[in-house]
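Trainee: I'd like to ask you about the structure that follows.
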Amino acid sequence: MRYINNRAHFTIAEIQREFKISRATAIRDINEIQSMGFPLTSEIGRGGGYFVIQNQYLPATRFTAEELKAMFISFIASKNSQLPYLQNRRSITEKLIGIASQTQQDELIELNNILLFENTNPANPNLLELDDAAPEELNQLISLAVRDKHLRVTYEMTPGWPQLMDVFLLHIFNSNAQWLVEVYDFDSDEFHYLPVDMLRDSAISEKEMKWSEQEILNKKRLFARESNLVVKLDTTGIQRFKRMHPPGIVLSLTGMFQSSGIFNVQLDVTDVEALEYYADWLLFLGKGVEFERIPNELRVILEERLVNLRFP
């Protein structure tokens with residue numbers, strides 16, 4: 001009900017994705033909510049869905065003590081991390097403390113003293129210290145993408161040599177302490193992972209999209225099926241993958257309790273430097289690595305690495 005109340009419009013598909021339920025369950029739940037008097041109206045057809053007639057059906061939100069702790073801990077965990085809207089995090093942290101009771105404030109401050117996360121400096125206990133800002137372009141990129149994912153970006157891999165690109169933005173993510181944007185390049189008909197700090201002057205594209213969003217996603221799925229490197233990992237491999245992996249690789253967890261996983265990559269077998277990097281990284285993942293598919297060029301490099309590791 002809160003999810004619906006906070007939106008002027010939503011669809012069955014959005015409810016399914018958000019709550020990981022079937023279409024039948026989503027429709028049944030919405031009908032039940034409507035029967036309770038929740039003011040919804042439906043519209044049939046493409047672009048249709050449900051509209052909230054009155055967007056203030058539920059009372060104002062009040063946070064419990066445990067919810068306040070959960071939010072505050074998330075801010076502690078993000079100290080010294082490159083996150084967007086850094087100046088807003090500082091003001092939000094102050095407001096969280098401000099709405100807490102005196103007892104809750106004492107607990108929040110004590111939590112800050114007790115909990116340590118990776119990259120936290122225990123020598124500097126300043127409650128509101130949020131040090132490391134994300135790339136300047138990140139905030140602009142996010143603000144644009146929530147309005148329209150068809151963008152015009154300038155990619156400057158080498159200073160002084162900008163490249164104008166017409167792209168569709170798929171994801172923005174942080175990998176190995178670097179912000180990356182996954183895009184589909186309309187001109188080259190390729191998917192790229194671009195470092196955000198190498199982007200300049202991003203704006204909503206004025207061109208007409210050559211492909212729809214669904215067609216682009218279909219291209220990506222086809223690209224994944226054609227991957228020439230498919231690798232299964234055990235528990236050790238999963239932990240090492242989380243510690244370090246090339247940008248853009250998504251690990252799918254397949255076993256119970258995250259005991260196994262799988263990822264796929266389309267490698268350029270003519271790029272010897274990239275193949276050597278992947279060979280070294282795959283050896284780092286441990287002996288539990290199992291190859292479902294591997295290009296012969298990479299297999300040869302791996303075998304050479306193993307021979308060189310043997311003692312005389």
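By order in the structure tokens, chains are A, B, ...; within a chain, residues start at 1; ligands start at 1, following the order shown.
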Residues of region 70-209 of chain A in strand (DSSP E or B) according to DSSP, as a PyMOL selection string?
Mentor: chain A and resi 83+133+150-158+161-175+178-185+190-195+199-204
Trainee: Extract, using only C-alpha atoms, all DNA, RNA and protein residues at most 12 Å from Leu306 (chain A), discarding same-chain residues fewer than 3 positions from it, and format them as a VMD selection string.
Mentor: chain A and resid 279 to 280 282 to 283 287 299 to 303 309 to 311
Trainee: Can you spit out the residues from that selection as an mmCIF file, in the first residue's frame, using N, CA and C atoms?
Mentor:
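Written file, selection-v6.cif:
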```cif
data_model
loop_
_atom_site.group_PDB
_atom_site.id
_atom_site.type_symbol
_atom_site.label_atom_id
_atom_site.label_comp_id
_atom_site.auth_asym_id
_atom_site.auth_seq_id
_atom_site.Cartn_x
_atom_site.Cartn_y
_atom_site.Cartn_z
ATOM 1 N N ALA A 279 43.462 -14.446 -18.032
ATOM 2 C CA ALA A 279 44.124 -15.683 -17.588
ATOM 3 C C ALA A 279 44.620 -15.536 -16.149
ATOM 4 N N ASP A 280 45.287 -14.422 -15.857
ATOM 5 C CA ASP A 280 45.790 -14.175 -14.501
ATOM 6 C C ASP A 280 44.634 -14.082 -13.506
ATOM 7 N N LEU A 282 41.539 -15.373 -13.755
ATOM 8 C CA LEU A 282 40.875 -16.668 -13.580
ATOM 9 C C LEU A 282 41.670 -17.578 -12.649
ATOM 10 N N LEU A 283 42.996 -17.506 -12.702
ATOM 11 C CA LEU A 283 43.822 -18.279 -11.774
ATOM 12 C C LEU A 283 43.639 -17.761 -10.346
ATOM 13 N N LYS A 287 40.944 -22.870 -7.481
ATOM 14 C CA LYS A 287 40.879 -24.160 -8.181
ATOM 15 C C LYS A 287 39.459 -24.653 -8.406
ATOM 16 N N ARG A 299 42.577 -20.569 -23.441
ATOM 17 C CA ARG A 299 42.987 -21.863 -22.902
ATOM 18 C C ARG A 299 44.509 -22.058 -23.033
ATOM 19 N N VAL A 300 45.064 -21.686 -24.182
ATOM 20 C CA VAL A 300 46.506 -21.830 -24.411
ATOM 21 C C VAL A 300 47.296 -21.000 -23.412
ATOM 22 N N ILE A 301 46.865 -19.752 -23.174
ATOM 23 C CA ILE A 301 47.578 -18.878 -22.224
ATOM 24 C C ILE A 301 47.497 -19.455 -20.817
ATOM 25 N N LEU A 302 46.331 -19.974 -20.428
ATOM 26 C CA LEU A 302 46.177 -20.572 -19.105
ATOM 27 C C LEU A 302 47.102 -21.779 -18.941
ATOM 28 N N GLU A 303 47.172 -22.616 -19.943
ATOM 29 C CA GLU A 303 48.051 -23.788 -19.870
ATOM 30 C C GLU A 303 49.515 -23.372 -19.749
ATOM 31 N N LEU A 309 54.207 -22.260 -13.631
ATOM 32 C CA LEU A 309 54.092 -22.284 -12.169
ATOM 33 C C LEU A 309 54.695 -23.528 -11.550
ATOM 34 N N ARG A 310 54.942 -24.540 -12.351
ATOM 35 C CA ARG A 310 55.459 -25.795 -11.806
ATOM 36 C C ARG A 310 56.926 -25.638 -11.382
ATOM 37 N N PHE A 311 57.279 -26.285 -10.288
ATOM 38 C CA PHE A 311 58.672 -26.255 -9.817
ATOM 39 C C PHE A 311 59.521 -27.184 -10.671
#
```
Trainee: Kindly give the distance, in Å, that separates CA of Ala203 (chain A) and CA of Val146 (chain A), rounded to a single decimal.
Mentor: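 Going from CA of Ala203 (chain A) over to CA of Val146 (chain A), I get 12.1 Å.
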Trainee: May I have the residues within 10 Å of Ile216 (chain A) as a list in words, using only C-alpha atoms and disregarding those fewer than 6 positions away in the same chain?
Mentor: Phe168, Leu170, Tyr184, Phe186, Asp189, Phe191, Lys210 and Leu222 of chain A
Trainee: For the atom pair CA of Phe63 (chain A) and CA of Phe19 (chain A), what is the interatomic distance in Å to one decimal place?
Mentor: 21.4 Å
Trainee: Which of these residues is nearest to Ile294 (chain A), using only C-alpha atoms: A:Ile99, A:Leu275, A:Ile76, A:Ile15?
Mentor: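 So, comparing all the options, the nearest one is A:Leu275.
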Trainee: Quick one: residues within 9 Å of region 24-40 of chain A, only C-alpha atoms counted, chain neighbours fewer than 3 positions away excluded, as a PyMOL selection string?
Mentor: chain A and resi 1+5+12-13+15-16+19+21+50-55+57
Trainee: Rounded to one decimal place, report the CA of Glu292 (chain A)-CA of Tyr193 (chain A) distance in Å.
Mentor: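 Going from CA of Glu292 (chain A) over to CA of Tyr193 (chain A) covers 24.4 Å.
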Trainee: Quick one: pick out all alpha helix (DSSP H) residues within region 120-257 of chain A from a backbone DSSP run and write them as a short mmCIF file (atom, residue, chain, number, x, y, z; two decimals) with N, CA and C atoms, in the first residue's frame.
Mentor:
```cif
data_model
loop_
_atom_site.label_atom_id
_atom_site.label_comp_id
_atom_site.auth_asym_id
_atom_site.auth_seq_id
_atom_site.Cartn_x
_atom_site.Cartn_y
_atom_site.Cartn_z
N GLU A 136 32.34 14.20 -10.71
CA GLU A 136 31.44 15.34 -10.87
C GLU A 136 30.32 15.05 -11.86
N GLU A 137 30.61 14.23 -12.88
CA GLU A 137 29.64 13.95 -13.92
C GLU A 137 28.54 13.01 -13.46
N LEU A 138 28.76 12.29 -12.33
CA LEU A 138 27.82 11.24 -11.91
C LEU A 138 26.45 11.80 -11.58
N ASN A 139 26.40 12.86 -10.79
CA ASN A 139 25.10 13.44 -10.42
C ASN A 139 24.31 13.87 -11.65
N GLN A 140 25.00 14.51 -12.60
CA GLN A 140 24.35 14.95 -13.82
C GLN A 140 23.81 13.77 -14.62
N LEU A 141 24.61 12.70 -14.69
CA LEU A 141 24.22 11.51 -15.44
C LEU A 141 22.97 10.88 -14.83
N ILE A 142 22.94 10.76 -13.52
CA ILE A 142 21.78 10.18 -12.84
C ILE A 142 20.54 11.04 -13.06
N SER A 143 20.68 12.35 -12.91
CA SER A 143 19.55 13.26 -13.08
C SER A 143 18.95 13.17 -14.48
N LEU A 144 19.81 12.99 -15.48
CA LEU A 144 19.33 12.85 -16.86
C LEU A 144 18.65 11.50 -17.07
N ALA A 145 19.28 10.44 -16.57
CA ALA A 145 18.82 9.07 -16.84
C ALA A 145 17.45 8.80 -16.25
N GLU A 213 13.70 0.26 -26.41
CA GLU A 213 14.38 -0.28 -25.23
C GLU A 213 14.30 -1.80 -25.21
N GLN A 214 13.15 -2.36 -25.56
CA GLN A 214 13.00 -3.82 -25.56
C GLN A 214 13.91 -4.46 -26.59
N GLU A 215 14.05 -3.83 -27.75
CA GLU A 215 14.94 -4.37 -28.79
C GLU A 215 16.39 -4.33 -28.34
N ILE A 216 16.76 -3.29 -27.61
CA ILE A 216 18.13 -3.18 -27.09
C ILE A 216 18.38 -4.27 -26.05
N LEU A 217 17.41 -4.51 -25.18
CA LEU A 217 17.55 -5.57 -24.17
C LEU A 217 17.63 -6.94 -24.83
N ASN A 218 16.89 -7.13 -25.91
CA ASN A 218 16.96 -8.40 -26.65
C ASN A 218 18.35 -8.59 -27.25
N LYS A 219 18.93 -7.50 -27.75
CA LYS A 219 20.29 -7.56 -28.29
C LYS A 219 21.27 -7.98 -27.20
N LYS A 220 21.07 -7.44 -26.00
CA LYS A 220 21.97 -7.77 -24.90
C LYS A 220 21.85 -9.24 -24.51
N ARG A 221 20.62 -9.76 -24.48
CA ARG A 221 20.43 -11.18 -24.14
C ARG A 221 21.07 -12.07 -25.20
N LEU A 222 20.93 -11.69 -26.47
CA LEU A 222 21.56 -12.44 -27.55
C LEU A 222 23.07 -12.41 -27.42
N PHE A 223 23.60 -11.24 -27.06
CA PHE A 223 25.04 -11.08 -26.85
C PHE A 223 25.53 -12.01 -25.75
N ALA A 224 24.74 -12.13 -24.66
CA ALA A 224 25.12 -13.00 -23.54
C ALA A 224 25.13 -14.46 -23.96
N ARG A 225 24.15 -14.86 -24.79
CA ARG A 225 24.09 -16.25 -25.24
C ARG A 225 25.26 -16.60 -26.14
N THR A 235 32.30 -21.57 -3.81
CA THR A 235 32.21 -20.55 -2.76
C THR A 235 33.46 -19.68 -2.72
N THR A 236 34.64 -20.30 -2.79
CA THR A 236 35.89 -19.54 -2.78
C THR A 236 35.95 -18.60 -3.98
N GLY A 237 35.59 -19.11 -5.15
CA GLY A 237 35.60 -18.28 -6.35
C GLY A 237 34.67 -17.10 -6.25
N ILE A 238 33.49 -17.30 -5.62
CA ILE A 238 32.53 -16.21 -5.46
C ILE A 238 33.11 -15.11 -4.57
N GLN A 239 33.74 -15.51 -3.46
CA GLN A 239 34.32 -14.52 -2.55
C GLN A 239 35.44 -13.75 -3.24
N ARG A 240 36.26 -14.43 -4.00
CA ARG A 240 37.36 -13.76 -4.69
C ARG A 240 36.83 -12.89 -5.84
N PHE A 241 35.76 -13.33 -6.49
CA PHE A 241 35.13 -12.52 -7.52
C PHE A 241 34.67 -11.19 -6.94
N LYS A 242 34.07 -11.24 -5.74
CA LYS A 242 33.58 -10.01 -5.10
C LYS A 242 34.73 -9.08 -4.74
N ARG A 243 35.89 -9.65 -4.44
CA ARG A 243 37.05 -8.82 -4.10
C ARG A 243 37.62 -8.11 -5.33
#
```
